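J.: Below: one structure in structure tokens.
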Amino acid sequence: MNHEPAHHSTDGPVRVGVLGAARIMRDALVRPAPDVDGLEISTIAARDPDRARAAAEKYGIARTHASYEALLADPEIDAVYVPLPATLHARWAKAALDAGKHVLVEKPFTANATEAEHLVTAAATSPTVVMEAYHSGHHPLTEELRKIIATGEIGTVHTARAIFCVPVPPGKNIRWNLALGGGGLLDVGYYPVRLLRELFGEPTVTQARAREGGGIDRSLEADLLFPQDIRGTIVSSIWSRRLFASKLEVTGTSGKMRVSFPYHPQMGAKITLRTPDRRWRETPDRTSTYVLQLRAFVDAVRHGAPIRTDAPAALRQMQVLDTIYRTAGMTPRGLG
């Protein structure tokens, strides 16, 4: 049975405890926190208490706990940030819900759609906030792109291609650990899939092919068919000839739109539109996606504000990712 949610004054900060000392917490929580009113990083726990103490000292976190369970039992925290490996998300997000804590769980929401279904059910019966940390979804760029498409400036859209590739050499990095949910699709591949879905709706996966070893997709390409017969392609990789790429291309009957850094607009995104008559460029808002995400989380906890990246939206994303894996002849994470 769920405990009552942690209570705090709307004038006081949302006190956050961190499960694990993952590197993503630096960019997603520690660095943006000073620009977010009403948020306090209160405590941290890790499997190795020494790691927790080291992270606390490095990031100026006042307290540590000797275990995840001890942190969840702490009455002095209101919310829990879960940056653990993907195959641990469902377990510890559910444990945080059961402890009456609000939850911000890193993307991917869970390792697979089955786990996501269970977590959605738990979230639906909980009085606490459950939000997936899909930070890009809180930036106004997506809505700006929707508006450009809706104006018809590039005509009727017929194809779109979204790419995200980063170099992660094989080794001890968790992206190369199948048991922890490794592989490119759940990591960098998540972003192009989600962006195309948010722009064009729910797709049918028509083809998918991966270069993989030991169940880890080092690179993957998938073809998606969206409503209005829009044909999309996503490309992701953690180790391929294309070491780094972050872009979106949308082609219509009378023009093309290109977007650089669409998943992290603060890194210097540009929107370039080209038609037979002219070419022009726009610079999106450079506010950090991570700052916007934390502000949205605080607003949801304090004021019950709507959540763009809620649990049902995360489930729909996981269903598509599972289908891509299966179409590529692979097993979704956590099910092998």
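We name chains A, B, ... following the order of the structure tokens; residues begin at 1 in each chain, and ligands are numbered from 1 as shown.
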Neighbouring residues of Glu115 of chain A were defined as those with any atom within 12 Å, considering only C-alpha atoms; residues of the same chain fewer than 2 positions away were excluded. Please report them as number ranges by chain.
T.: A: 86-94, 108-113, 117-122, 311, 314-315, 318-319, 322, 332-335
J.: From a DSSP calculation on the backbone, collect every residue of segment 50-281 of chain A in helix (DSSP H, G or I) and output the set as a ChimeraX atom specification.
T.: /A:50-59,68-72,86-98,113-124,135-138,141-151,174-176,178-180,190-200,227-229,265-267
J.: Please provide as a list in words all residues within 8 Å of Ile154 of chain A, with the sequence filter that same-chain residues fewer than 3 positions apart are discarded (counting only C-alpha atoms).
T.: Ile149, Val157, Thr251, Gly252, Thr253, Ser254, Gly255, Lys256, Met257, Leu273, Arg274 and Thr275 of chain A
J.: Neighbouring residues of Pro262 of chain A were defined as those with any atom within 8 Å, considering only C-alpha atoms; residues of the same chain fewer than 4 positions away were excluded. Please report them as a ChimeraX atom specification.
T.: /A:141,246-248,269
J.: Given the selection you just returned, output its residues as a file containing all heavy atoms, formatted as a CSV table (one decimal), in the first residue's frame.
T.:
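part07.csv was written with the following content:
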chain,number,residue,atom,x,y,z
A,141,LEU,N,11.2,24.2,-28.6
A,141,LEU,CA,11.6,23.9,-30.0
A,141,LEU,C,10.6,23.0,-30.7
A,141,LEU,O,10.2,23.2,-31.8
A,141,LEU,CB,13.0,23.2,-30.0
A,141,LEU,CG,13.4,22.7,-31.4
A,141,LEU,CD1,13.6,23.9,-32.3
A,141,LEU,CD2,14.7,21.9,-31.3
A,246,SER,N,23.7,14.9,-34.8
A,246,SER,CA,22.5,15.3,-34.0
A,246,SER,C,21.7,16.2,-34.9
A,246,SER,O,22.0,17.4,-35.0
A,246,SER,CB,22.9,16.0,-32.7
A,246,SER,OG,21.7,16.4,-32.0
A,247,LYS,N,20.7,15.7,-35.6
A,247,LYS,CA,20.0,16.5,-36.6
A,247,LYS,C,18.7,15.9,-37.0
A,247,LYS,O,18.4,14.7,-36.8
A,247,LYS,CB,20.8,16.7,-37.9
A,247,LYS,CG,21.2,15.5,-38.6
A,247,LYS,CD,22.1,15.8,-39.8
A,247,LYS,CE,22.5,14.6,-40.6
A,247,LYS,NZ,23.4,14.9,-41.7
A,248,LEU,N,17.8,16.8,-37.5
A,248,LEU,CA,16.5,16.4,-38.0
A,248,LEU,C,16.4,17.0,-39.4
A,248,LEU,O,16.7,18.2,-39.6
A,248,LEU,CB,15.4,16.9,-37.1
A,248,LEU,CG,14.0,16.9,-37.7
A,248,LEU,CD1,13.5,15.5,-37.7
A,248,LEU,CD2,13.1,17.8,-36.8
A,269,ALA,N,21.4,25.1,-31.4
A,269,ALA,CA,20.5,24.6,-32.5
A,269,ALA,C,20.2,25.7,-33.5
A,269,ALA,O,20.2,26.9,-33.2
A,269,ALA,CB,19.2,24.2,-31.8
J.: Select, from A:Thr206, A:Phe164, A:Ile61, A:Asp74, the residue with the minimum atom-to-atom distance to Phe261 of chain A, counting only C-alpha atoms.
T.: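 Of A:Thr206, A:Phe164, A:Ile61, A:Asp74, the one nearest Phe261 of chain A, counting only C-alpha atoms, is A:Phe164.
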J.: Tell me which of A:Gly155, A:Gly171, A:Gly189, A:Gly268 sits closest to Val250 of chain A, counting only C-alpha atoms.
T.: A:Gly155
J.: Taking into account only C-alpha atoms, which residue in the set A:Leu29, A:Ala162, A:Leu292, A:Ala210 is nearest to Leu195 of chain A?
T.: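 For Leu195 of chain A, the nearest of the given residues is A:Ala162.
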J.: At what distance in Å, to one decimal, does atom CA of Arg241 of chain A lie from atom CA of Ala179 of chain A?
T.: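 Between atom CA of Ala179 of chain A and atom CA of Arg241 of chain A the gap works out to 25.7 Å.
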J.: Could you name the residues that touch Pro192 of chain A at 12 Å or less, counting only C-alpha atoms, but leaving out those on the same chain fewer than 4 positions away, as an NGL selection string?
T.: :A and (134 or 136-137 or 142 or 160-165 or 184-188 or 196-199 or 220-224 or 232-237 or 245-249 or 259 or 261-264 or 317 or 320-321)
J.: Can you measure atom CA of Gln293 of chain A to atom CA of His138 of chain A for me? One decimal in Å is fine.
T.: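 Those two atoms sit 5.6 Å apart.
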J.: Could you give me, as a list in words, the residues within 7 Å of segment 298-302 of chain A, counting only C-alpha atoms and dropping anything in the same chain fewer than 4 positions from it?
T.: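 Residues meeting the cut-off are Thr10, Val14, Gly38, Leu39, Val129, Leu294, Pro306 and Ile307 of chain A.
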J.: Select, from A:Leu243, A:Ala296, A:Leu97, A:Ile174, the residue with the minimum atom-to-atom distance to Val130 of chain A, counting only C-alpha atoms.
T.: A:Leu97
J.: May I ask for the distance between atom CA of Val103 of chain A and atom CA of Leu145 of chain A, given in Å to one decimal place?
T.: 29.3 Å
J.: So which residues of segment 31-222 of chain A fall under strand (DSSP E or B) by DSSP, listed as a ChimeraX atom specification?
T.: /A:39-45,63-65,79-82,102-106,130-133,157-165,204-213,216-222
